[in-house]
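**Student:** Enclosed is the structure file data14.tsv (TSV, N, CA and C atoms).
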chain	number	residue	atom	x	y	z
A	719	MET	N	6.47	-22.22	-6.33
A	719	MET	CA	5.21	-21.89	-6.96
A	719	MET	C	5.39	-20.62	-7.78
A	720	SER	N	4.79	-20.58	-8.94
A	720	SER	CA	4.94	-19.42	-9.81
A	720	SER	C	4.15	-18.23	-9.27
A	721	SER	N	4.60	-17.04	-9.64
A	721	SER	CA	3.88	-15.82	-9.26
A	721	SER	C	2.47	-15.83	-9.84
A	722	GLN	N	2.32	-16.35	-11.04
A	722	GLN	CA	1.00	-16.42	-11.67
A	722	GLN	C	0.06	-17.29	-10.84
A	723	ARG	N	0.55	-18.42	-10.36
A	723	ARG	CA	-0.29	-19.30	-9.55
A	723	ARG	C	-0.66	-18.62	-8.23
A	724	GLN	N	0.27	-17.88	-7.63
A	724	GLN	CA	-0.03	-17.14	-6.40
A	724	GLN	C	-1.12	-16.10	-6.64
A	725	LEU	N	-1.03	-15.39	-7.76
A	725	LEU	CA	-2.08	-14.42	-8.10
A	725	LEU	C	-3.44	-15.11	-8.24
A	726	GLU	N	-3.45	-16.27	-8.86
A	726	GLU	CA	-4.70	-17.03	-9.04
A	726	GLU	C	-5.28	-17.45	-7.69
A	727	ILE	N	-4.43	-17.87	-6.77
A	727	ILE	CA	-4.90	-18.29	-5.44
A	727	ILE	C	-5.51	-17.10	-4.70
A	728	VAL	N	-4.84	-15.96	-4.74
A	728	VAL	CA	-5.38	-14.79	-4.05
A	728	VAL	C	-6.71	-14.36	-4.67
A	729	GLN	N	-6.80	-14.37	-5.99
A	729	GLN	CA	-8.07	-14.02	-6.62
A	729	GLN	C	-9.16	-15.00	-6.20
A	730	SER	N	-8.81	-16.27	-6.08
A	730	SER	CA	-9.81	-17.25	-5.64
A	730	SER	C	-10.24	-16.99	-4.20
A	731	LEU	N	-9.33	-16.46	-3.36
A	731	LEU	CA	-9.70	-16.08	-1.99
A	731	LEU	C	-10.73	-14.95	-2.00
A	732	TYR	N	-10.50	-13.94	-2.83
A	732	TYR	CA	-11.47	-12.84	-2.95
A	732	TYR	C	-12.81	-13.37	-3.43
A	733	ASP	N	-12.79	-14.19	-4.47
A	733	ASP	CA	-14.04	-14.70	-5.05
A	733	ASP	C	-14.80	-15.59	-4.07
A	734	ALA	N	-14.09	-16.50	-3.41
A	734	ALA	CA	-14.74	-17.42	-2.47
A	734	ALA	C	-15.27	-16.67	-1.24
A	735	SER	N	-14.52	-15.66	-0.77
A	735	SER	CA	-14.98	-14.86	0.37
A	735	SER	C	-16.27	-14.12	0.01
A	736	ALA	N	-16.31	-13.51	-1.16
A	736	ALA	CA	-17.50	-12.77	-1.59
A	736	ALA	C	-18.71	-13.70	-1.70
A	737	ALA	N	-18.46	-14.95	-2.07
A	737	ALA	CA	-19.55	-15.92	-2.23
A	737	ALA	C	-19.89	-16.62	-0.91
A	738	GLY	N	-19.11	-16.37	0.13
A	738	GLY	CA	-19.34	-17.06	1.40
A	738	GLY	C	-18.95	-18.52	1.36
A	739	ASN	N	-18.07	-18.88	0.46
A	739	ASN	CA	-17.61	-20.27	0.32
A	739	ASN	C	-16.37	-20.47	1.19
A	740	TRP	N	-16.58	-20.61	2.49
A	740	TRP	CA	-15.47	-20.64	3.44
A	740	TRP	C	-14.62	-21.90	3.34
A	741	PRO	N	-15.16	-23.07	2.99
A	741	PRO	CA	-14.27	-24.22	2.77
A	741	PRO	C	-13.27	-23.97	1.64
A	742	ALA	N	-13.70	-23.28	0.59
A	742	ALA	CA	-12.79	-22.96	-0.51
A	742	ALA	C	-11.71	-21.98	-0.07
A	743	VAL	N	-12.06	-21.06	0.83
A	743	VAL	CA	-11.08	-20.12	1.38
A	743	VAL	C	-10.07	-20.87	2.22
A	744	GLU	N	-10.57	-21.67	3.15
A	744	GLU	CA	-9.72	-22.33	4.13
A	744	GLU	C	-8.70	-23.28	3.51
A	745	LYS	N	-9.01	-23.86	2.35
A	745	LYS	CA	-8.06	-24.80	1.75
A	745	LYS	C	-6.79	-24.10	1.26
A	746	HIS	N	-6.83	-22.78	1.14
A	746	HIS	CA	-5.66	-22.01	0.69
A	746	HIS	C	-4.91	-21.34	1.84
A	747	LEU	N	-5.33	-21.60	3.09
A	747	LEU	CA	-4.70	-20.96	4.24
A	747	LEU	C	-3.95	-21.99	5.08
A	748	THR	N	-2.83	-21.55	5.67
A	748	THR	CA	-2.08	-22.44	6.57
A	748	THR	C	-2.84	-22.59	7.89
A	749	GLU	N	-2.50	-23.63	8.63
A	749	GLU	CA	-3.11	-23.85	9.96
A	749	GLU	C	-2.90	-22.65	10.87
A	750	ASP	N	-1.70	-22.02	10.78
A	750	ASP	CA	-1.36	-20.90	11.67
A	750	ASP	C	-1.54	-19.54	10.99
A	751	PHE	N	-2.41	-19.49	9.98
A	751	PHE	CA	-2.71	-18.25	9.26
A	751	PHE	C	-3.05	-17.13	10.24
A	752	LEU	N	-2.65	-15.91	9.88
A	752	LEU	CA	-3.04	-14.75	10.69
A	752	LEU	C	-3.31	-13.56	9.79
A	753	ILE	N	-4.24	-12.74	10.27
A	753	ILE	CA	-4.55	-11.49	9.61
A	753	ILE	C	-4.60	-10.42	10.69
A	754	SER	N	-3.96	-9.30	10.41
A	754	SER	CA	-3.88	-8.24	11.42
A	754	SER	C	-4.39	-6.92	10.84
A	755	GLU	N	-5.28	-6.29	11.59
A	755	GLU	CA	-5.83	-4.99	11.22
A	755	GLU	C	-5.27	-3.95	12.18
A	756	GLY	N	-4.90	-2.79	11.66
A	756	GLY	CA	-4.27	-1.75	12.45
A	756	GLY	C	-5.13	-1.22	13.59
A	757	SER	N	-4.45	-0.69	14.60
A	757	SER	CA	-5.13	-0.21	15.81
A	757	SER	C	-5.98	1.03	15.55
A	758	HIS	N	-5.82	1.69	14.41
A	758	HIS	CA	-6.59	2.89	14.08
A	758	HIS	C	-7.96	2.56	13.46
A	759	LEU	N	-8.26	1.27	13.35
A	759	LEU	CA	-9.52	0.85	12.72
A	759	LEU	C	-10.50	0.31	13.76
A	760	PRO	N	-11.80	0.45	13.51
A	760	PRO	CA	-12.81	-0.05	14.45
A	760	PRO	C	-12.78	-1.57	14.61
A	761	PHE	N	-12.20	-2.28	13.66
A	761	PHE	CA	-12.13	-3.74	13.72
A	761	PHE	C	-10.69	-4.20	13.88
A	762	SER	N	-9.92	-3.43	14.66
A	762	SER	CA	-8.49	-3.72	14.85
A	762	SER	C	-8.29	-5.04	15.58
A	763	GLY	N	-7.10	-5.59	15.37
A	763	GLY	CA	-6.73	-6.79	16.09
A	763	GLY	C	-6.10	-7.83	15.18
A	764	VAL	N	-5.69	-8.92	15.80
A	764	VAL	CA	-5.08	-10.04	15.10
A	764	VAL	C	-5.99	-11.25	15.29
A	765	ILE	N	-6.29	-11.92	14.19
A	765	ILE	CA	-7.11	-13.13	14.24
A	765	ILE	C	-6.27	-14.25	13.62
A	766	ARG	N	-6.28	-15.39	14.25
A	766	ARG	CA	-5.44	-16.51	13.81
A	766	ARG	C	-6.27	-17.76	13.49
A	767	GLY	N	-5.69	-18.57	12.61
A	767	GLY	CA	-6.29	-19.86	12.27
A	767	GLY	C	-6.98	-19.84	10.92
A	768	ARG	N	-7.34	-21.01	10.47
A	768	ARG	CA	-7.95	-21.13	9.14
A	768	ARG	C	-9.29	-20.43	9.01
A	769	THR	N	-9.98	-20.21	10.12
A	769	THR	CA	-11.28	-19.53	10.06
A	769	THR	C	-11.14	-18.02	10.27
A	770	ALA	N	-9.92	-17.53	10.39
A	770	ALA	CA	-9.70	-16.10	10.69
A	770	ALA	C	-10.29	-15.19	9.62
A	771	LEU	N	-10.13	-15.54	8.36
A	771	LEU	CA	-10.64	-14.68	7.30
A	771	LEU	C	-12.17	-14.62	7.35
A	772	GLN	N	-12.81	-15.73	7.62
A	772	GLN	CA	-14.27	-15.74	7.76
A	772	GLN	C	-14.69	-14.88	8.95
A	773	GLN	N	-13.98	-15.02	10.07
A	773	GLN	CA	-14.32	-14.24	11.26
A	773	GLN	C	-14.20	-12.74	10.98
A	774	LEU	N	-13.10	-12.34	10.34
A	774	LEU	CA	-12.90	-10.92	10.05
A	774	LEU	C	-13.91	-10.42	9.03
A	775	PHE	N	-14.13	-11.17	7.98
A	775	PHE	CA	-15.08	-10.79	6.93
A	775	PHE	C	-16.47	-10.57	7.55
A	776	THR	N	-16.90	-11.49	8.39
A	776	THR	CA	-18.21	-11.38	9.03
A	776	THR	C	-18.28	-10.14	9.91
A	777	LYS	N	-17.23	-9.90	10.65
A	777	LYS	CA	-17.18	-8.73	11.54
A	777	LYS	C	-17.22	-7.43	10.74
A	778	VAL	N	-16.34	-7.32	9.75
A	778	VAL	CA	-16.24	-6.09	8.96
A	778	VAL	C	-17.53	-5.83	8.19
A	779	MET	N	-18.05	-6.83	7.52
A	779	MET	CA	-19.27	-6.63	6.73
A	779	MET	C	-20.48	-6.35	7.62
A	780	GLY	N	-20.42	-6.77	8.87
A	780	GLY	CA	-21.48	-6.44	9.81
A	780	GLY	C	-21.40	-5.02	10.32
A	781	MET	N	-20.22	-4.42	10.21
A	781	MET	CA	-20.01	-3.07	10.73
A	781	MET	C	-20.22	-1.97	9.70
A	782	MET	N	-20.14	-2.32	8.40
A	782	MET	CA	-20.29	-1.30	7.36
A	782	MET	C	-20.89	-1.92	6.11
A	783	ASP	N	-21.49	-1.07	5.28
A	783	ASP	CA	-22.13	-1.54	4.06
A	783	ASP	C	-21.16	-1.42	2.89
A	784	VAL	N	-20.47	-2.51	2.60
A	784	VAL	CA	-19.53	-2.57	1.48
A	784	VAL	C	-20.30	-3.10	0.27
A	785	THR	N	-20.28	-2.32	-0.81
A	785	THR	CA	-21.00	-2.74	-2.01
A	785	THR	C	-20.09	-3.35	-3.07
A	786	GLY	N	-18.78	-3.25	-2.87
A	786	GLY	CA	-17.88	-3.86	-3.83
A	786	GLY	C	-16.43	-3.57	-3.53
A	787	LEU	N	-15.58	-4.30	-4.22
A	787	LEU	CA	-14.13	-4.08	-4.20
A	787	LEU	C	-13.69	-3.88	-5.64
A	788	GLU	N	-12.95	-2.83	-5.88
A	788	GLU	CA	-12.43	-2.54	-7.21
A	788	GLU	C	-10.92	-2.70	-7.18
A	789	VAL	N	-10.42	-3.64	-7.96
A	789	VAL	CA	-8.98	-3.90	-7.99
A	789	VAL	C	-8.32	-2.87	-8.90
A	790	ARG	N	-7.36	-2.15	-8.33
A	790	ARG	CA	-6.59	-1.17	-9.10
A	790	ARG	C	-5.36	-1.81	-9.74
A	791	ALA	N	-4.68	-2.64	-8.95
A	791	ALA	CA	-3.45	-3.26	-9.43
A	791	ALA	C	-3.13	-4.46	-8.55
A	792	ARG	N	-2.30	-5.34	-9.08
A	792	ARG	CA	-1.84	-6.49	-8.32
A	792	ARG	C	-0.48	-6.91	-8.84
A	793	CYS	N	0.32	-7.47	-7.95
A	793	CYS	CA	1.64	-7.95	-8.36
A	793	CYS	C	2.05	-9.07	-7.43
A	794	ALA	N	3.04	-9.84	-7.86
A	794	ALA	CA	3.50	-10.98	-7.08
A	794	ALA	C	5.00	-11.16	-7.25
A	795	GLY	N	5.64	-11.63	-6.19
A	795	GLY	CA	7.06	-11.96	-6.22
A	795	GLY	C	7.57	-12.20	-4.81
A	796	ASP	N	8.61	-12.99	-4.70
A	796	ASP	CA	9.24	-13.26	-3.41
A	796	ASP	C	8.24	-13.75	-2.35
A	797	ASP	N	7.39	-14.68	-2.72
A	797	ASP	CA	6.40	-15.27	-1.82
A	797	ASP	C	5.37	-14.29	-1.29
A	798	HIS	N	5.14	-13.21	-2.01
A	798	HIS	CA	4.13	-12.22	-1.62
A	798	HIS	C	3.27	-11.85	-2.83
A	799	VAL	N	2.01	-11.57	-2.56
A	799	VAL	CA	1.09	-11.00	-3.55
A	799	VAL	C	0.56	-9.72	-2.93
A	800	ILE	N	0.51	-8.67	-3.73
A	800	ILE	CA	0.02	-7.38	-3.26
A	800	ILE	C	-1.13	-6.94	-4.16
A	801	TYR	N	-2.23	-6.61	-3.54
A	801	TYR	CA	-3.39	-6.06	-4.24
A	801	TYR	C	-3.59	-4.63	-3.76
A	802	ILE	N	-3.82	-3.72	-4.68
A	802	ILE	CA	-4.26	-2.36	-4.35
A	802	ILE	C	-5.72	-2.30	-4.76
A	803	ILE	N	-6.57	-2.03	-3.79
A	803	ILE	CA	-8.01	-2.07	-4.06
A	803	ILE	C	-8.72	-0.85	-3.47
A	804	ASP	N	-9.87	-0.56	-4.04
A	804	ASP	CA	-10.79	0.42	-3.48
A	804	ASP	C	-11.97	-0.35	-2.91
A	805	MET	N	-12.23	-0.15	-1.63
A	805	MET	CA	-13.41	-0.70	-0.99
A	805	MET	C	-14.52	0.33	-1.17
A	806	VAL	N	-15.62	-0.08	-1.77
A	806	VAL	CA	-16.71	0.84	-2.09
A	806	VAL	C	-17.82	0.69	-1.05
A	807	PHE	N	-18.25	1.84	-0.50
A	807	PHE	CA	-19.29	1.85	0.54
A	807	PHE	C	-20.60	2.39	-0.02
A	808	ALA	N	-21.70	1.86	0.50
A	808	ALA	CA	-23.02	2.33	0.10
A	808	ALA	C	-23.21	3.78	0.48
A	809	GLY	N	-23.99	4.48	-0.29
A	809	GLY	CA	-24.31	5.87	-0.02
A	809	GLY	C	-24.50	6.63	-1.31
A	810	GLU	N	-25.02	7.83	-1.19
A	810	GLU	CA	-25.20	8.71	-2.35
A	810	GLU	C	-24.44	10.00	-2.10
A	811	PRO	N	-23.36	10.17	-2.78
A	811	PRO	CA	-22.72	9.23	-3.69
A	811	PRO	C	-21.95	8.16	-2.91
A	812	PRO	N	-21.63	7.05	-3.56
A	812	PRO	CA	-20.82	6.03	-2.89
A	812	PRO	C	-19.44	6.61	-2.54
A	813	THR	N	-18.87	6.13	-1.47
A	813	THR	CA	-17.52	6.55	-1.08
A	813	THR	C	-16.59	5.35	-1.17
A	814	LYS	N	-15.29	5.64	-1.16
A	814	LYS	CA	-14.30	4.58	-1.30
A	814	LYS	C	-13.17	4.77	-0.30
A	815	ALA	N	-12.56	3.65	0.04
A	815	ALA	CA	-11.34	3.65	0.84
A	815	ALA	C	-10.30	2.83	0.07
A	816	THR	N	-9.14	3.40	-0.13
A	816	THR	CA	-8.08	2.70	-0.84
A	816	THR	C	-7.22	1.96	0.17
A	817	LEU	N	-6.96	0.70	-0.14
A	817	LEU	CA	-6.08	-0.08	0.72
A	817	LEU	C	-5.21	-1.01	-0.10
A	818	THR	N	-4.14	-1.42	0.53
A	818	THR	CA	-3.24	-2.41	-0.04
A	818	THR	C	-3.30	-3.63	0.86
A	819	GLU	N	-3.47	-4.79	0.26
A	819	GLU	CA	-3.45	-6.02	1.04
A	819	GLU	C	-2.24	-6.83	0.61
A	820	VAL	N	-1.43	-7.19	1.59
A	820	VAL	CA	-0.21	-7.96	1.35
A	820	VAL	C	-0.46	-9.39	1.82
A	821	PHE	N	-0.36	-10.32	0.90
A	821	PHE	CA	-0.55	-11.75	1.17
A	821	PHE	C	0.83	-12.41	1.18
A	822	ARG	N	1.14	-13.10	2.26
A	822	ARG	CA	2.43	-13.80	2.34
A	822	ARG	C	2.17	-15.29	2.20
A	823	PHE	N	2.94	-15.93	1.35
A	823	PHE	CA	2.81	-17.36	1.10
A	823	PHE	C	3.89	-18.15	1.84
A	824	ARG	N	3.50	-19.32	2.28
A	824	ARG	CA	4.44	-20.34	2.74
A	824	ARG	C	4.10	-21.58	1.94
A	825	GLY	N	4.99	-21.94	1.03
A	825	GLY	CA	4.68	-23.03	0.12
A	825	GLY	C	3.53	-22.62	-0.79
A	826	ASP	N	2.51	-23.46	-0.86
A	826	ASP	CA	1.37	-23.17	-1.75
A	826	ASP	C	0.17	-22.61	-1.02
A	827	LYS	N	0.38	-22.13	0.22
A	827	LYS	CA	-0.74	-21.59	1.01
A	827	LYS	C	-0.40	-20.20	1.54
A	828	VAL	N	-1.45	-19.42	1.77
A	828	VAL	CA	-1.29	-18.10	2.36
A	828	VAL	C	-1.18	-18.27	3.87
A	829	CYS	N	-0.14	-17.65	4.45
A	829	CYS	CA	0.05	-17.76	5.90
A	829	CYS	C	-0.24	-16.44	6.62
A	830	GLU	N	-0.35	-15.34	5.86
A	830	GLU	CA	-0.60	-14.05	6.50
A	830	GLU	C	-1.18	-13.06	5.51
A	831	ILE	N	-2.07	-12.21	6.01
A	831	ILE	CA	-2.55	-11.06	5.24
A	831	ILE	C	-2.39	-9.84	6.13
A	832	GLN	N	-1.79	-8.79	5.55
A	832	GLN	CA	-1.67	-7.50	6.23
A	832	GLN	C	-2.31	-6.44	5.37
A	833	PRO	N	-3.45	-5.90	5.78
A	833	PRO	CA	-4.07	-4.78	5.07
A	833	PRO	C	-3.47	-3.45	5.54
A	834	PHE	N	-3.28	-2.54	4.61
A	834	PHE	CA	-2.79	-1.20	4.91
A	834	PHE	C	-3.74	-0.20	4.27
A	835	TYR	N	-4.38	0.62	5.08
A	835	TYR	CA	-5.34	1.61	4.58
A	835	TYR	C	-4.63	2.94	4.37
A	836	PHE	N	-4.77	3.50	3.16
A	836	PHE	CA	-4.15	4.79	2.86
A	836	PHE	C	-4.69	5.87	3.78
A	837	ASP	N	-6.00	5.90	3.94
A	837	ASP	CA	-6.66	6.87	4.82
A	837	ASP	C	-7.81	6.14	5.51
A	838	PRO	N	-7.75	5.94	6.83
A	838	PRO	CA	-8.81	5.20	7.49
A	838	PRO	C	-10.12	5.99	7.66
A	839	ALA	N	-10.10	7.30	7.39
A	839	ALA	CA	-11.29	8.13	7.62
A	839	ALA	C	-12.53	7.61	6.88
A	840	PRO	N	-12.47	7.22	5.61
A	840	PRO	CA	-13.68	6.71	4.95
A	840	PRO	C	-14.20	5.42	5.58
A	841	VAL	N	-13.30	4.58	6.10
A	841	VAL	CA	-13.71	3.35	6.76
A	841	VAL	C	-14.44	3.69	8.05
A	842	ILE	N	-13.86	4.56	8.83
A	842	ILE	CA	-14.47	4.96	10.10
A	842	ILE	C	-15.83	5.61	9.85
A	843	ALA	N	-15.91	6.46	8.82
A	843	ALA	CA	-17.19	7.10	8.47
A	843	ALA	C	-18.23	6.07	8.05
A	844	ALA	N	-17.82	5.04	7.31
A	844	ALA	CA	-18.77	4.00	6.88
A	844	ALA	C	-19.29	3.21	8.08
A	845	VAL	N	-18.42	2.94	9.04
A	845	VAL	CA	-18.84	2.23	10.25
A	845	VAL	C	-19.84	3.10	11.03
A	846	GLN	N	-19.53	4.37	11.17
A	846	GLN	CA	-20.42	5.29	11.90
A	846	GLN	C	-21.76	5.44	11.19
A	847	ARG	N	-21.74	5.50	9.85
A	847	ARG	CA	-22.97	5.63	9.07
A	847	ARG	C	-23.89	4.42	9.30
A	848	LYS	N	-23.32	3.24	9.30
A	848	LYS	CA	-24.13	2.04	9.50
A	848	LYS	C	-24.65	1.98	10.94
A	849	ALA	N	-23.84	2.40	11.89
A	849	ALA	CA	-24.28	2.40	13.29
A	849	ALA	C	-25.45	3.38	13.50
A	850	ARG	N	-25.39	4.53	12.84
A	850	ARG	CA	-26.49	5.50	12.94
A	850	ARG	C	-27.77	4.94	12.35
A	851	LYS	N	-27.64	4.23	11.20
A	851	LYS	CA	-28.82	3.64	10.55
A	851	LYS	C	-29.45	2.57	11.44
A	852	ALA	N	-28.61	1.85	12.16
A	852	ALA	CA	-29.11	0.78	13.03
A	852	ALA	C	-29.80	1.36	14.26
A	853	GLY	N	-29.42	2.61	14.56
A	853	GLY	CA	-30.07	3.34	15.64
A	853	GLY	C	-29.73	2.85	16.97
Please re-express this file's structure in structure tokens.
**Tutor:**
Amino acid sequence: MSSQRQLEIVQSLYDASAAGNWPAVEKHLTEDFLISEGSHLPFSGVIRGRTALQQLFTKVMGMMDVTGLEVRARCAGDDHVIYIIDMVFAGEPPTKATLTEVFRFRGDKVCEIQPFYFDPAPVIAAVQRKARKAG
């Protein structure tokens, strides 16, 4: 599969996730797909299976107010796609957390996503801010 096609698939994962179109997400994931979040995050852990991305998305978006994702850069090669993004959180002023998401392909499907947060402090603060608002 070409690197361009891999980039298109990953972009479609972002778009379908944002729209809540989980069948469109799942068609691009392997049966044994996994996503792992680091132990330094409030939503740490490993989730497996085609519904893993939906499970994590629902959990994360329930824990903090994310108003957008801003793509800084993306690249593909050797069965991997890497996105560098800023996750934007609600607030005045809005705050951001920079992360890199590494997508690993097996054939024409994504089999793993590993997010790496440059600094987890803004994520932790966003989770705490939403928890305080919920009271």
**Student:** Assign secondary structure with DSSP using the backbone only, and return the residues of range 764-825 of chain A in strand (DSSP E or B) as JSON, numbers by chain.
**Tutor:** {"A": [764, 765, 766, 784, 785, 786, 787, 788, 789, 790, 791, 792, 793, 794, 795, 798, 799, 800, 801, 802, 803, 804, 805, 806, 807, 813, 814, 815, 816, 817, 818, 819, 820, 821, 822, 823, 824]}
**Student:** Which residues are near Phe807 in chain A? Cut-off 5 Å, all atoms listed in the file, ignore same chain within fewer than 6 positions. Put them as an MDAnalysis selection string.
**Tutor:** chainID A and resid 783:785 813:814
**Student:** Here is a test: counting only C-alpha atoms, which residue of A:Leu752, A:Met719, A:Ile842, A:Ala734 is nearest to Gly795 in chain A?
**Tutor:** A:Met719
**Student:** Within range 746-814 of chain A, find each residue whose DSSP state, derived from the backbone, is alpha helix (DSSP H), and express the selection as a list of chain:residue names.
**Tutor:**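 Across range 746-814 of chain A, those assigned alpha helix (DSSP H) are A:Ala770, A:Leu771, A:Gln772, A:Gln773, A:Leu774, A:Phe775, A:Thr776, A:Lys777, A:Val778, A:Met779, A:Gly780, A:Met781.
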**Student:** So, counting only C-alpha atoms, which residue among A:Lys745, A:Asp837, A:Ser735, A:Arg824 is closest to Leu787 in chain A?
**Tutor:**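 Going through A:Lys745, A:Asp837, A:Ser735, A:Arg824 one by one, the smallest distance to Leu787 in chain A is for A:Ser735.
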**Student:** Identify which of the residues A:Glu788, A:His746, A:Gly825, A:Pro760 lies closest to Val841 in chain A, counting all atoms listed in the file when measuring atom-to-atom distances.
**Tutor:**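 Distance minimum relative to Val841 in chain A lands on A:Pro760.
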**Student:** For a quick check of understanding, using only C-alpha atoms, which of A:Gln722, A:Gln729, A:Thr769, A:Ser757 has the smallest distance to Tyr835 in chain A?
**Tutor:**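 Answer, going by the shortest atom-to-atom distance: A:Ser757.
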**Student:** To one decimal in Å, tell me the separation between CA of Lys848 in chain A and CA of Val778 in chain A.
**Tutor:** 11.3 Å
**Student:** Kindly indicate which residue among A:Val764, A:Leu747, A:Ala742, A:Val728 lies nearest to Cys829 in chain A, using only C-alpha atoms for the distances.
**Tutor:**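 Using only C-alpha atoms, the shortest distance to Cys829 in chain A belongs to A:Leu747.
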**Student:** May I have the residues within 6 Å of range 753-756 of chain A as an mmCIF file with N, CA and C atoms, keeping the file's coordinate frame, using only C-alpha atoms and disregarding those fewer than 4 positions away in the same chain?
**Tutor:**
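As written to disk, out_25.cif reads:
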data_model
loop_
_atom_site.group_PDB
_atom_site.id
_atom_site.type_symbol
_atom_site.label_atom_id
_atom_site.label_comp_id
_atom_site.auth_asym_id
_atom_site.auth_seq_id
_atom_site.Cartn_x
_atom_site.Cartn_y
_atom_site.Cartn_z
ATOM 1 N N SER A 762 -9.920 -3.430 14.660
ATOM 2 C CA SER A 762 -8.490 -3.720 14.850
ATOM 3 C C SER A 762 -8.290 -5.040 15.580
ATOM 4 N N GLY A 763 -7.100 -5.590 15.370
ATOM 5 C CA GLY A 763 -6.730 -6.790 16.090
ATOM 6 C C GLY A 763 -6.100 -7.830 15.180
ATOM 7 N N VAL A 764 -5.690 -8.920 15.800
ATOM 8 C CA VAL A 764 -5.080 -10.040 15.100
ATOM 9 C C VAL A 764 -5.990 -11.250 15.290
ATOM 10 N N ILE A 765 -6.290 -11.920 14.190
ATOM 11 C CA ILE A 765 -7.110 -13.130 14.240
ATOM 12 C C ILE A 765 -6.270 -14.250 13.620
ATOM 13 N N GLU A 830 -0.350 -15.340 5.860
ATOM 14 C CA GLU A 830 -0.600 -14.050 6.500
ATOM 15 C C GLU A 830 -1.180 -13.060 5.510
ATOM 16 N N ILE A 831 -2.070 -12.210 6.010
ATOM 17 C CA ILE A 831 -2.550 -11.060 5.240
ATOM 18 C C ILE A 831 -2.390 -9.840 6.130
ATOM 19 N N GLN A 832 -1.790 -8.790 5.550
ATOM 20 C CA GLN A 832 -1.670 -7.500 6.230
ATOM 21 C C GLN A 832 -2.310 -6.440 5.370
#
**Student:** Give the answer as one residue: which of A:Asp826, A:Thr776, A:Ala844, A:Phe834 has the shortest atom-to-atom distance to Ile803 in chain A, using only C-alpha atoms?
**Tutor:**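 Of all the options, A:Phe834 lies closest to Ile803 in chain A.
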**Student:** Interatomic distance between atom N of Leu817 in chain A and CA of Asp804 in chain A?
**Tutor:** 5.1 Å
**Student:** Please measure the separation of atom C of Ala770 in chain A and atom N of Trp740 in chain A, giving the value in Å to one decimal.
**Tutor:**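 Rounded to one decimal, the two atoms are 10.9 Å apart.
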**Student:** Give as a PDB file with N, CA and C atoms, in the coordinates of the input the set of residues within 5 Å of the point (2.9, -15.8, -1.5), where distances use the file's coordinates and all atoms listed in the file.
**Tutor:**
ATOM      1  N   ASP A 797       7.390 -14.680  -2.720  1.00  0.00           N
ATOM      2  CA  ASP A 797       6.400 -15.270  -1.820  1.00  0.00           C
ATOM      3  C   ASP A 797       5.370 -14.290  -1.290  1.00  0.00           C
ATOM      4  N   HIS A 798       5.140 -13.210  -2.010  1.00  0.00           N
ATOM      5  CA  HIS A 798       4.130 -12.220  -1.620  1.00  0.00           C
ATOM      6  C   HIS A 798       3.270 -11.850  -2.830  1.00  0.00           C
ATOM      7  N   VAL A 799       2.010 -11.570  -2.560  1.00  0.00           N
ATOM      8  CA  VAL A 799       1.090 -11.000  -3.550  1.00  0.00           C
ATOM      9  C   VAL A 799       0.560  -9.720  -2.930  1.00  0.00           C
ATOM     10  N   PHE A 821      -0.360 -10.320   0.900  1.00  0.00           N
ATOM     11  CA  PHE A 821      -0.550 -11.750   1.170  1.00  0.00           C
ATOM     12  C   PHE A 821       0.830 -12.410   1.180  1.00  0.00           C
ATOM     13  N   ARG A 822       1.140 -13.100   2.260  1.00  0.00           N
ATOM     14  CA  ARG A 822       2.430 -13.800   2.340  1.00  0.00           C
ATOM     15  C   ARG A 822       2.170 -15.290   2.200  1.00  0.00           C
ATOM     16  N   PHE A 823       2.940 -15.930   1.350  1.00  0.00           N
ATOM     17  CA  PHE A 823       2.810 -17.360   1.100  1.00  0.00           C
ATOM     18  C   PHE A 823       3.890 -18.150   1.840  1.00  0.00           C
TER      19      PHE A 823
END
**Student:** Box for range 831-844 of chain A: with edges along x, y and z, all listed atoms inside and 4 Å added on each side, what are the centre and edge lengths in Å to one decimal, as AutoDock Vina command-line options?
**Tutor:**
--center_x -10.5 --center_y -2.0 --center_z 6.5 --size_x 25.6 --size_y 28.3 --size_z 15.2
**Student:** Excluding Ile802 in chain A and residues on its chain fewer than 5 positions from it, collect all residues at most 6.5 Å away from it, counting all atoms listed in the file, and give them as a list of chain:residue names.
**Tutor:**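 Here the answer would be A:Glu788, A:Val789, A:Arg790, A:Ala791, A:Arg792, A:Cys793, A:Leu817, A:Thr818, A:Glu819.
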